[in-house]
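What follows is the content of run.cif, which has mmCIF, C-alpha atoms:
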```cif
data_protein
#
loop_
_atom_site.label_atom_id
_atom_site.label_comp_id
_atom_site.auth_asym_id
_atom_site.auth_seq_id
_atom_site.Cartn_x
_atom_site.Cartn_y
_atom_site.Cartn_z
CA MET P 1 21.73 -84.70 -88.61
CA HIS P 2 23.04 -86.49 -91.70
CA GLU P 3 26.57 -86.39 -90.27
CA LEU P 4 25.39 -88.29 -87.19
CA VAL P 5 23.45 -90.87 -89.20
CA GLU P 6 26.37 -91.31 -91.58
CA PHE P 7 28.68 -92.05 -88.66
CA LEU P 8 26.22 -94.54 -87.16
CA ALA P 9 25.84 -96.33 -90.51
CA LYS P 10 29.54 -96.38 -91.36
CA SER P 11 30.40 -97.85 -87.98
CA LEU P 12 28.23 -100.88 -88.77
CA VAL P 13 29.08 -101.83 -92.35
CA ASP P 14 31.87 -103.62 -94.19
CA HIS P 15 32.02 -101.02 -97.00
CA PRO P 16 31.98 -97.57 -95.35
CA GLU P 17 33.13 -95.94 -98.59
CA GLU P 18 29.83 -96.92 -100.17
CA VAL P 19 27.65 -95.32 -97.53
CA ARG P 20 25.63 -92.34 -98.83
CA VAL P 21 23.39 -90.34 -96.54
CA THR P 22 21.14 -87.56 -97.78
CA GLN P 23 19.02 -85.19 -95.80
CA VAL P 24 15.91 -83.22 -96.74
CA ASP P 25 14.88 -80.48 -94.35
CA GLY P 26 11.20 -79.70 -94.01
CA GLU P 27 9.38 -77.19 -91.82
CA THR P 28 8.87 -79.55 -88.92
CA ALA P 29 10.53 -82.76 -90.04
CA VAL P 30 13.86 -83.92 -91.38
CA ILE P 31 14.05 -86.87 -93.73
CA VAL P 32 17.30 -88.80 -93.76
CA GLU P 33 17.93 -91.50 -96.35
CA ILE P 34 20.69 -94.09 -96.04
CA ARG P 35 22.15 -95.96 -99.00
CA VAL P 36 24.66 -98.77 -98.44
CA ALA P 37 26.28 -101.55 -100.46
CA PRO P 38 23.75 -104.35 -101.14
CA ASP P 39 25.51 -106.85 -98.87
CA ASP P 40 25.58 -104.29 -96.02
CA THR P 41 21.82 -103.73 -95.94
CA GLY P 42 21.33 -106.41 -93.31
CA ARG P 43 23.97 -104.86 -91.06
CA VAL P 44 22.21 -101.50 -91.02
CA ILE P 45 18.73 -102.94 -90.57
CA GLY P 46 19.51 -105.84 -88.23
CA ARG P 47 17.45 -108.83 -87.21
CA GLN P 48 13.79 -107.79 -87.08
CA GLY P 49 14.90 -104.22 -87.73
CA ARG P 50 16.63 -103.90 -84.35
CA ILE P 51 19.57 -101.87 -85.60
CA ILE P 52 17.65 -99.40 -87.76
CA ALA P 53 15.22 -98.95 -84.86
CA ALA P 54 18.19 -98.01 -82.65
CA ILE P 55 19.50 -95.57 -85.28
CA ARG P 56 16.06 -93.92 -85.39
CA VAL P 57 15.92 -93.52 -81.61
CA LEU P 58 19.40 -91.96 -81.55
CA ALA P 59 18.56 -89.58 -84.41
CA ARG P 60 15.36 -88.60 -82.60
CA ALA P 61 17.27 -87.89 -79.38
CA VAL P 62 19.25 -85.26 -81.30
CA ALA P 63 16.34 -83.95 -83.38
CA VAL P 64 14.05 -83.20 -80.43
CA ARG P 65 16.64 -80.74 -79.17
CA GLN P 66 16.13 -78.85 -82.42
CA GLY P 67 12.36 -79.12 -82.06
CA LYS P 68 12.07 -81.37 -85.09
CA ARG P 69 10.80 -84.77 -86.04
CA VAL P 70 13.11 -87.06 -87.96
CA VAL P 71 12.39 -89.87 -90.38
CA VAL P 72 15.23 -92.27 -91.15
CA GLU P 73 14.91 -94.74 -94.01
CA VAL P 74 17.21 -97.25 -95.64
CA VAL P 75 16.83 -96.92 -99.42
CA GLU P 76 17.76 -99.73 -101.79
CA MET I 1 45.16 -105.73 -73.36
CA ALA I 2 45.14 -109.50 -73.29
CA GLY I 3 43.13 -111.67 -75.61
CA ASN I 4 44.35 -109.97 -78.75
CA GLU I 5 45.44 -112.93 -80.86
CA CYS I 6 45.71 -111.21 -84.21
CA GLU I 7 48.41 -108.73 -83.45
CA ALA I 8 51.78 -108.41 -85.12
CA VAL I 9 54.67 -106.11 -85.83
CA PHE I 10 54.79 -104.41 -89.22
CA VAL I 11 57.37 -102.22 -90.91
CA GLY I 12 57.31 -99.42 -93.45
CA ARG I 13 59.27 -96.39 -94.54
CA THR I 14 57.10 -94.25 -92.28
CA VAL I 15 54.88 -94.98 -89.30
CA GLN I 16 51.87 -94.24 -91.49
CA GLU I 17 52.97 -96.75 -94.10
CA ALA I 18 53.73 -99.40 -91.48
CA VAL I 19 50.27 -98.96 -89.93
CA ALA I 20 48.65 -99.14 -93.36
CA ASN I 21 50.56 -102.35 -94.09
CA GLY I 22 49.47 -103.92 -90.84
CA ALA I 23 45.86 -102.82 -91.08
CA ALA I 24 45.57 -104.17 -94.64
CA ARG I 25 47.14 -107.49 -93.62
CA LEU I 26 44.86 -107.89 -90.60
CA GLY I 27 41.79 -106.68 -92.44
CA VAL I 28 41.04 -103.80 -90.07
CA ARG I 29 40.49 -100.15 -90.93
CA VAL I 30 43.40 -97.84 -90.21
CA ASP I 31 41.24 -95.65 -87.95
CA GLU I 32 39.98 -98.71 -86.08
CA ALA I 33 43.33 -100.35 -85.39
CA ASN I 34 45.10 -100.55 -82.09
CA VAL I 35 48.54 -99.11 -82.80
CA GLU I 36 51.68 -99.09 -80.73
CA ILE I 37 54.67 -97.31 -82.26
CA LEU I 38 57.86 -99.27 -81.60
CA GLU I 39 60.24 -97.22 -83.72
CA GLU I 40 59.59 -93.94 -85.52
CA GLY I 41 61.88 -94.65 -88.44
CA VAL I 42 64.34 -92.29 -90.07
CA ARG I 43 64.05 -91.25 -93.70
CA GLY I 44 67.80 -90.82 -94.20
CA TRP I 45 69.37 -89.22 -97.20
CA LEU I 46 69.20 -91.07 -100.52
CA GLY I 47 68.74 -94.21 -98.50
CA PHE I 48 71.77 -93.64 -96.30
CA ARG I 49 71.19 -94.10 -92.59
CA ALA I 50 67.50 -94.70 -93.26
CA ARG I 51 65.73 -96.84 -90.69
CA GLU I 52 62.34 -98.44 -91.14
CA ALA I 53 59.43 -97.58 -88.88
CA ARG I 54 58.16 -100.46 -86.76
CA VAL I 55 54.67 -100.62 -85.28
CA ARG I 56 52.60 -103.21 -83.51
CA VAL I 57 49.14 -103.33 -85.02
CA GLY I 58 46.16 -105.25 -83.72
CA ARG I 59 42.44 -105.07 -83.30
CA LEU I 60 40.92 -102.95 -80.58
CA THR I 61 39.39 -104.83 -77.69
CA LYS I 62 35.62 -104.70 -77.62
CA GLY I 63 35.70 -102.22 -74.75
CA ALA I 64 38.18 -99.91 -76.47
CA ALA I 65 36.12 -100.04 -79.66
CA ALA I 66 33.00 -99.06 -77.70
CA GLU I 67 34.85 -96.19 -76.05
CA ARG I 68 35.95 -94.77 -79.42
CA LEU I 69 32.44 -95.08 -80.80
CA LEU I 70 30.82 -93.31 -77.86
CA ARG I 71 33.38 -90.49 -77.82
CA ARG I 72 32.84 -89.80 -81.51
CA LEU I 73 29.06 -89.94 -81.03
CA ALA I 74 29.32 -87.42 -78.20
CA GLU I 75 31.28 -85.06 -80.45
CA LEU I 76 28.57 -85.27 -83.09
CA MET I 77 25.86 -84.71 -80.49
CA GLY I 78 27.70 -81.74 -79.10
CA SER I 79 28.05 -83.12 -75.60
CA THR I 80 31.02 -83.80 -73.40
CA VAL I 81 31.44 -87.29 -71.99
CA ASP I 82 33.70 -89.25 -69.77
CA VAL I 83 33.88 -92.94 -70.68
CA LYS I 84 35.05 -95.69 -68.34
CA ILE I 85 35.51 -99.27 -69.51
CA GLU I 86 35.70 -102.38 -67.38
CA GLY I 87 36.70 -105.70 -68.87
CA PRO I 88 35.22 -109.14 -68.25
CA SER I 89 35.71 -110.33 -64.69
CA GLY I 90 34.58 -113.10 -62.38
CA GLU I 91 31.21 -111.59 -61.56
CA ARG I 92 30.60 -110.05 -64.99
CA PRO I 93 31.16 -112.12 -68.14
CA GLY I 94 31.27 -109.15 -70.55
CA TRP I 95 32.34 -105.55 -70.86
CA LEU I 96 30.78 -102.65 -68.98
CA VAL I 97 31.04 -99.20 -70.50
CA SER I 98 30.01 -96.41 -68.14
CA VAL I 99 29.33 -92.99 -69.60
CA ALA I 100 29.20 -89.76 -67.61
CA SER I 101 27.70 -86.98 -69.73
CA ASP I 102 27.01 -83.27 -69.27
CA ASP I 103 23.56 -84.04 -70.64
CA PRO I 104 22.56 -87.47 -69.25
CA ALA I 105 18.85 -86.96 -70.00
CA GLN I 106 19.57 -86.83 -73.72
CA TRP I 107 21.56 -90.08 -73.50
CA ILE I 108 19.01 -91.95 -71.41
CA GLY I 109 15.69 -90.90 -72.90
CA ARG I 110 12.22 -91.72 -71.69
CA ARG I 111 12.31 -94.96 -69.70
CA GLY I 112 15.85 -95.57 -70.87
CA GLN I 113 14.81 -95.82 -74.51
CA THR I 114 17.81 -93.89 -75.86
CA LEU I 115 20.17 -95.83 -73.61
CA ASP I 116 18.82 -99.13 -74.98
CA ALA I 117 19.33 -97.88 -78.54
CA LEU I 118 22.83 -96.78 -77.62
CA ARG I 119 23.63 -100.28 -76.39
CA VAL I 120 22.19 -102.02 -79.46
CA TRP I 121 24.13 -99.82 -81.89
CA CYS I 122 27.34 -99.72 -79.86
CA ASP I 123 27.33 -103.51 -79.41
CA ALA I 124 26.76 -104.16 -83.13
CA ALA I 125 29.50 -101.73 -84.22
CA ALA I 126 31.99 -102.84 -81.55
CA THR I 127 31.33 -106.50 -82.42
CA ARG I 128 32.42 -105.77 -85.98
CA MET I 129 35.41 -103.61 -84.99
CA ALA I 130 36.78 -106.00 -82.40
CA ALA I 131 35.56 -109.19 -84.15
CA SER I 132 34.35 -110.28 -80.74
CA ARG I 133 31.05 -111.64 -79.54
CA GLU I 134 31.67 -110.81 -75.89
CA ARG I 135 28.71 -109.20 -74.12
CA LEU I 136 28.70 -105.42 -73.88
CA ALA I 137 26.66 -103.41 -71.41
CA VAL I 138 26.35 -99.64 -71.59
CA ASP I 139 25.34 -97.46 -68.66
CA VAL I 140 24.82 -93.71 -68.47
CA ALA I 141 24.99 -91.89 -65.15
CA GLY I 142 24.29 -95.13 -63.27
CA TYR I 143 20.79 -95.37 -64.80
CA ARG I 144 21.06 -99.02 -65.86
CA GLU I 145 22.31 -100.02 -62.41
CA ARG I 146 19.41 -98.29 -60.64
CA ARG I 147 16.91 -99.68 -63.13
CA GLU I 148 18.27 -103.21 -62.68
CA SER I 149 18.02 -103.14 -58.92
CA ALA I 150 14.44 -101.84 -59.17
CA LEU I 151 13.65 -104.64 -61.64
CA ARG I 152 15.21 -107.31 -59.44
CA PHE I 153 13.13 -106.07 -56.52
CA ALA I 154 9.90 -106.09 -58.58
CA ALA I 155 10.72 -109.53 -60.02
CA LYS I 156 11.29 -111.08 -56.60
CA ARG I 157 8.05 -109.62 -55.27
CA ALA I 158 6.07 -110.91 -58.25
CA GLY I 159 7.80 -114.30 -57.88
CA ASP I 160 6.76 -114.52 -54.22
CA GLN I 161 3.21 -113.64 -55.17
CA VAL I 162 3.06 -116.46 -57.75
CA ARG I 163 4.43 -118.98 -55.23
CA ARG I 164 1.90 -117.96 -52.60
CA SER I 165 -1.14 -117.73 -54.85
CA GLY I 166 -0.28 -120.46 -57.35
CA ARG I 167 -1.54 -118.15 -60.07
CA GLU I 168 0.51 -116.69 -62.91
CA VAL I 169 1.51 -113.05 -62.98
CA GLU I 170 2.17 -111.03 -66.12
CA LEU I 171 4.58 -108.12 -65.81
CA GLU I 172 4.37 -104.92 -67.82
CA ALA I 173 5.90 -104.79 -71.30
CA MET I 174 9.62 -104.03 -71.30
CA GLY I 175 12.67 -104.16 -73.53
CA ALA I 176 14.93 -107.18 -74.05
CA ALA I 177 17.62 -105.99 -71.62
CA ASP I 178 15.03 -105.50 -68.87
CA ARG I 179 13.37 -108.85 -69.49
CA ARG I 180 16.75 -110.52 -69.28
CA VAL I 181 17.25 -109.09 -65.79
CA VAL I 182 13.89 -110.51 -64.69
CA HIS I 183 14.63 -113.97 -66.15
CA MET I 184 18.08 -114.02 -64.52
CA THR I 185 16.74 -112.93 -61.15
CA LEU I 186 14.14 -115.70 -61.03
CA GLN I 187 15.93 -118.50 -62.86
CA ASN I 188 16.92 -120.37 -59.69
CA VAL I 189 13.79 -119.75 -57.67
CA GLU I 190 11.94 -122.99 -57.04
CA GLY I 191 8.27 -123.41 -57.82
CA ILE I 192 8.11 -120.90 -60.65
CA ARG I 193 9.31 -120.47 -64.20
CA THR I 194 9.47 -117.40 -66.40
CA GLU I 195 8.73 -116.91 -70.05
CA SER I 196 8.52 -113.97 -72.45
CA VAL I 197 5.32 -113.65 -74.48
CA GLY I 198 3.94 -111.26 -77.10
CA GLU I 199 5.55 -109.25 -79.85
CA GLU I 200 7.89 -106.28 -79.54
CA PRO I 201 7.41 -103.62 -78.37
CA PHE I 202 4.76 -105.17 -76.11
CA ARG I 203 6.75 -108.28 -75.20
CA ARG I 204 6.54 -109.04 -71.50
CA VAL I 205 7.54 -111.61 -68.92
CA VAL I 206 5.00 -114.05 -67.50
CA ILE I 207 5.81 -115.79 -64.23
CA ARG I 208 4.06 -119.16 -63.89
CA PRO I 209 3.78 -121.62 -61.03
CA VAL I 210 5.37 -125.03 -61.68
CA VAL I 211 2.89 -127.81 -61.01
#
```

Please rewrite the model in this file as structure tokens.
Amino acid sequence: MHELVEFLAKSLVDHPEEVRVTQVDGETAVIVEIRVAPDDTGRVIGRQGRIIAAIRVLARAVAVRQGKRVVVEVVE
Amino acid sequence: MAGNECEAVFVGRTVQEAVANGAARLGVRVDEANVEILEEGVRGWLGFRAREARVRVGRLTKGAAAERLLRRLAELMGSTVDVKIEGPSGERPGWLVSVASDDPAQWIGRRGQTLDALRVWCDAAATRMAASRERLAVDVAGYRERRESALRFAAKRAGDQVRRSGREVELEAMGAADRRVVHMTLQNVEGIRTESVGEEPFRRVVIRPVV
């Protein structure tokens, strides 16, 4: 899961080398945290959260196949 | 493809070096550049008979950028896809990227939710890669096309109803791409006007009579 989210994030930002994605696996849920360069935060979140909402939907599309819930957050 | 203004020929001792030179100069990432190898280059011996590598480096077009993005995404999702890109034309101002997948349901989602997300992400990333604001539509297994014709039909029917009754009609909540289809379908119909009201994700189109 974190590989997918990392790709999605890196494709959007100006500083891909500063993208860090971590994943915590729980029983039923997966938590994925994204860290990006400060000036890239807006690119990952988007106007009114449009982009991060899209990332969440795409992560969910993959997670449901594994019978899991997924939480994706951008951490500052 | 045409419309690629920032494109130039670069040299280096190897193809790799020439591409790196060009990408750095143009401000694009090496793996996101459009590369055409003009001359492979020969290393020579102690500089004798060595020939520099020559490459043409430019940005990807928006469509080509979208294709790369979707192919890589498919790899990560473990599905096989076939991607077709069509450039801007007379009847369509932007790019259309059509995806055929071995698992279309996963790419479309309930009520096209995943497909909408795919378009939002792909457009944002391809806009950066191609440095182009051209419109980009994404379709999977013809879903968008079928959905649009159903929406146009529903919009026209609701429009007729408003004209006959003189009373406004509120359509069900739908995403931005769907609302756009409704607005476009009814924009030249006399006697009515359309407007979006409410907050996402409950934003919907209201068709009003013009008095």

* Asked: What gap, in Å, lies between CA of Gly112 in chain I and CA of Val138 in chain I?
  ->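 Here the two named atoms are 11.3 Å from each other.
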
Hey, which bits of chain P sit within 7 Å of chain I, and for each residue what's the closest pair of atoms and how far apart in Å (one decimal), counting all atoms listed in the file, rows by chain and increasing number, as a tab-separated table?
```
residue	atom	partner	partner_atom	distance
P:Leu4	CA	I:Leu76	CA	6.0
P:Ser11	CA	I:Ala125	CA	5.5
P:Leu12	CA	I:Ala125	CA	4.8
P:Ile51	CA	I:Trp121	CA	6.2
P:Ala54	CA	I:Ala117	CA	4.3
P:Val57	CA	I:Thr114	CA	6.1
P:Leu58	CA	I:Thr114	CA	6.2
P:Ala61	CA	I:Gln106	CA	6.2
P:Val62	CA	I:Met77	CA	6.7
```

* To do: Run through the PyMOL selection byres ((chain P and resi 32) around 10) on the given coordinates and return the selected residues as a ChimeraX atom specification.
  => /P:1-2,5-6,21-25,29-31,33-34,56,59,70-75

* If we count only C-alpha atoms, what is near range 90-99 of chain I at a cut-off of 7 Å, once residues fewer than 4 positions away on the same chain are taken out, given as a PyMOL selection string? -> chain I and resi 63+81-86+134-141

* Asked: When you draw a straight line from CA of Thr61 in chain I to CA of Ala131 in chain I, how long is it in Å?
  ->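 Atom-to-atom, CA of Thr61 in chain I to CA of Ala131 in chain I, that is 8.7 Å.
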
* Determine the residue membership of the PyMOL selection byres ((chain I and resi 35-42) around 9) for the file above and supply it as a list in words. => Val9, Gly12, Arg13, Thr14, Val15, Val19, Ala33, Asn34, Arg43, Gly44, Arg49, Ala50, Arg51, Glu52, Ala53, Arg54, Val55, Arg56, Val57, Gly58, Arg59 and Leu60 of chain I

When you write range 42-74 of chain I out from the block above, keep N, CA, C and O atoms and present the result as a JSON list (two decimals), in the first residue's frame, please.
```json
[["chain", "number", "residue", "atom", "x", "y", "z"],
["I", 42, "VAL", "N", 30.26, 7.28, -29.37],
["I", 42, "VAL", "CA", 31.28, 6.23, -29.30],
["I", 42, "VAL", "C", 32.31, 6.69, -28.29],
["I", 42, "VAL", "O", 32.76, 7.85, -28.31],
["I", 43, "ARG", "N", 32.68, 5.81, -27.36],
["I", 43, "ARG", "CA", 33.60, 6.20, -26.31],
["I", 43, "ARG", "C", 35.02, 6.42, -26.83],
["I", 43, "ARG", "O", 35.77, 7.24, -26.33],
["I", 44, "GLY", "N", 35.42, 5.62, -27.84],
["I", 44, "GLY", "CA", 36.77, 5.78, -28.38],
["I", 44, "GLY", "C", 37.82, 5.21, -27.44],
["I", 44, "GLY", "O", 37.51, 4.57, -26.44],
["I", 45, "TRP", "N", 39.04, 5.48, -27.79],
["I", 45, "TRP", "CA", 40.14, 4.98, -26.96],
["I", 45, "TRP", "C", 41.05, 6.14, -26.65],
["I", 45, "TRP", "O", 41.61, 6.78, -27.55],
["I", 46, "LEU", "N", 41.14, 6.48, -25.35],
["I", 46, "LEU", "CA", 41.92, 7.64, -24.91],
["I", 46, "LEU", "C", 41.52, 8.90, -25.71],
["I", 46, "LEU", "O", 42.35, 9.72, -26.05],
["I", 47, "GLY", "N", 40.24, 8.96, -26.01],
["I", 47, "GLY", "CA", 39.77, 10.15, -26.71],
["I", 47, "GLY", "C", 39.89, 10.06, -28.21],
["I", 47, "GLY", "O", 39.35, 10.90, -28.94],
["I", 48, "PHE", "N", 40.57, 9.06, -28.73],
["I", 48, "PHE", "CA", 40.65, 8.92, -30.18],
["I", 48, "PHE", "C", 39.35, 8.36, -30.72],
["I", 48, "PHE", "O", 38.78, 7.44, -30.15],
["I", 49, "ARG", "N", 38.92, 8.86, -31.80],
["I", 49, "ARG", "CA", 37.72, 8.41, -32.51],
["I", 49, "ARG", "C", 36.46, 8.45, -31.63],
["I", 49, "ARG", "O", 35.48, 7.79, -31.95],
["I", 50, "ALA", "N", 36.53, 9.18, -30.55],
["I", 50, "ALA", "CA", 35.33, 9.29, -29.69],
["I", 50, "ALA", "C", 34.33, 10.21, -30.37],
["I", 50, "ALA", "O", 34.71, 11.16, -31.05],
["I", 51, "ARG", "N", 33.06, 9.88, -30.21],
["I", 51, "ARG", "CA", 32.02, 10.74, -30.77],
["I", 51, "ARG", "C", 30.97, 10.97, -29.69],
["I", 51, "ARG", "O", 30.60, 10.03, -28.99],
["I", 52, "GLU", "N", 30.53, 12.21, -29.56],
["I", 52, "GLU", "CA", 29.57, 12.51, -28.52],
["I", 52, "GLU", "C", 28.19, 11.95, -28.86],
["I", 52, "GLU", "O", 27.84, 11.80, -30.02],
["I", 53, "ALA", "N", 27.45, 11.62, -27.80],
["I", 53, "ALA", "CA", 26.06, 11.19, -27.98],
["I", 53, "ALA", "C", 25.20, 12.42, -28.15],
["I", 53, "ALA", "O", 25.44, 13.45, -27.53],
["I", 54, "ARG", "N", 24.21, 12.32, -29.04],
["I", 54, "ARG", "CA", 23.29, 13.45, -29.24],
["I", 54, "ARG", "C", 21.87, 12.98, -29.03],
["I", 54, "ARG", "O", 21.46, 11.95, -29.60],
["I", 55, "VAL", "N", 21.12, 13.70, -28.23],
["I", 55, "VAL", "CA", 19.72, 13.33, -27.98],
["I", 55, "VAL", "C", 18.84, 14.56, -28.06],
["I", 55, "VAL", "O", 19.29, 15.67, -27.81],
["I", 56, "ARG", "N", 17.61, 14.34, -28.44],
["I", 56, "ARG", "CA", 16.63, 15.44, -28.40],
["I", 56, "ARG", "C", 15.81, 15.20, -27.14],
["I", 56, "ARG", "O", 15.27, 14.12, -26.92],
["I", 57, "VAL", "N", 15.77, 16.21, -26.28],
["I", 57, "VAL", "CA", 15.04, 16.08, -25.03],
["I", 57, "VAL", "C", 13.96, 17.14, -24.96],
["I", 57, "VAL", "O", 14.20, 18.29, -25.32],
["I", 58, "GLY", "N", 12.79, 16.74, -24.52],
["I", 58, "GLY", "CA", 11.70, 17.69, -24.36],
["I", 58, "GLY", "C", 10.76, 17.21, -23.28],
["I", 58, "GLY", "O", 11.00, 16.17, -22.65],
["I", 59, "ARG", "N", 9.72, 17.97, -23.07],
["I", 59, "ARG", "CA", 8.70, 17.53, -22.12],
["I", 59, "ARG", "C", 7.78, 16.56, -22.80],
["I", 59, "ARG", "O", 7.63, 16.60, -24.02],
["I", 60, "LEU", "N", 7.15, 15.70, -22.00],
["I", 60, "LEU", "CA", 6.12, 14.82, -22.55],
["I", 60, "LEU", "C", 4.90, 15.67, -22.84],
["I", 60, "LEU", "O", 4.69, 16.70, -22.21],
["I", 61, "THR", "N", 4.08, 15.25, -23.79],
["I", 61, "THR", "CA", 2.81, 15.93, -23.97],
["I", 61, "THR", "C", 1.94, 15.52, -22.80],
["I", 61, "THR", "O", 2.24, 14.55, -22.10],
["I", 62, "LYS", "N", 0.85, 16.23, -22.59],
["I", 62, "LYS", "CA", 0.00, 15.91, -21.45],
["I", 62, "LYS", "C", -0.56, 14.50, -21.57],
["I", 62, "LYS", "O", -0.65, 13.76, -20.59],
["I", 63, "GLY", "N", -0.91, 14.11, -22.78],
["I", 63, "GLY", "CA", -1.46, 12.77, -23.00],
["I", 63, "GLY", "C", -0.42, 11.69, -22.72],
["I", 63, "GLY", "O", -0.72, 10.68, -22.07],
["I", 64, "ALA", "N", 0.81, 11.90, -23.18],
["I", 64, "ALA", "CA", 1.86, 10.91, -22.96],
["I", 64, "ALA", "C", 2.19, 10.81, -21.47],
["I", 64, "ALA", "O", 2.47, 9.72, -20.96],
["I", 65, "ALA", "N", 2.15, 11.94, -20.78],
["I", 65, "ALA", "CA", 2.41, 11.94, -19.34],
["I", 65, "ALA", "C", 1.33, 11.10, -18.64],
["I", 65, "ALA", "O", 1.63, 10.26, -17.80],
["I", 66, "ALA", "N", 0.08, 11.32, -19.02],
["I", 66, "ALA", "CA", -1.03, 10.58, -18.42],
["I", 66, "ALA", "C", -0.89, 9.09, -18.67],
["I", 66, "ALA", "O", -1.12, 8.26, -17.78],
["I", 67, "GLU", "N", -0.47, 8.75, -19.87],
["I", 67, "GLU", "CA", -0.31, 7.32, -20.20],
["I", 67, "GLU", "C", 0.75, 6.67, -19.30],
["I", 67, "GLU", "O", 0.53, 5.60, -18.74],
["I", 68, "ARG", "N", 1.89, 7.35, -19.12],
["I", 68, "ARG", "CA", 2.93, 6.80, -18.25],
["I", 68, "ARG", "C", 2.43, 6.62, -16.84],
["I", 68, "ARG", "O", 2.70, 5.62, -16.19],
["I", 69, "LEU", "N", 1.71, 7.63, -16.34],
["I", 69, "LEU", "CA", 1.20, 7.59, -14.98],
["I", 69, "LEU", "C", 0.26, 6.40, -14.78],
["I", 69, "LEU", "O", 0.37, 5.65, -13.82],
["I", 70, "LEU", "N", -0.66, 6.22, -15.73],
["I", 70, "LEU", "CA", -1.66, 5.16, -15.58],
["I", 70, "LEU", "C", -1.04, 3.77, -15.72],
["I", 70, "LEU", "O", -1.45, 2.83, -15.05],
["I", 71, "ARG", "N", -0.05, 3.64, -16.59],
["I", 71, "ARG", "CA", 0.64, 2.34, -16.73],
["I", 71, "ARG", "C", 1.35, 1.96, -15.44],
["I", 71, "ARG", "O", 1.30, 0.82, -15.00],
["I", 72, "ARG", "N", 2.03, 2.93, -14.85],
["I", 72, "ARG", "CA", 2.76, 2.66, -13.60],
["I", 72, "ARG", "C", 1.77, 2.34, -12.48],
["I", 72, "ARG", "O", 2.00, 1.44, -11.68],
["I", 73, "LEU", "N", 0.66, 3.07, -12.44],
["I", 73, "LEU", "CA", -0.36, 2.81, -11.43],
["I", 73, "LEU", "C", -0.89, 1.38, -11.57],
["I", 73, "LEU", "O", -1.06, 0.67, -10.59],
["I", 74, "ALA", "N", -1.13, 0.97, -12.81],
["I", 74, "ALA", "CA", -1.64, -0.38, -13.06],
["I", 74, "ALA", "C", -0.67, -1.43, -12.53],
["I", 74, "ALA", "O", -1.07, -2.40, -11.89]]
```
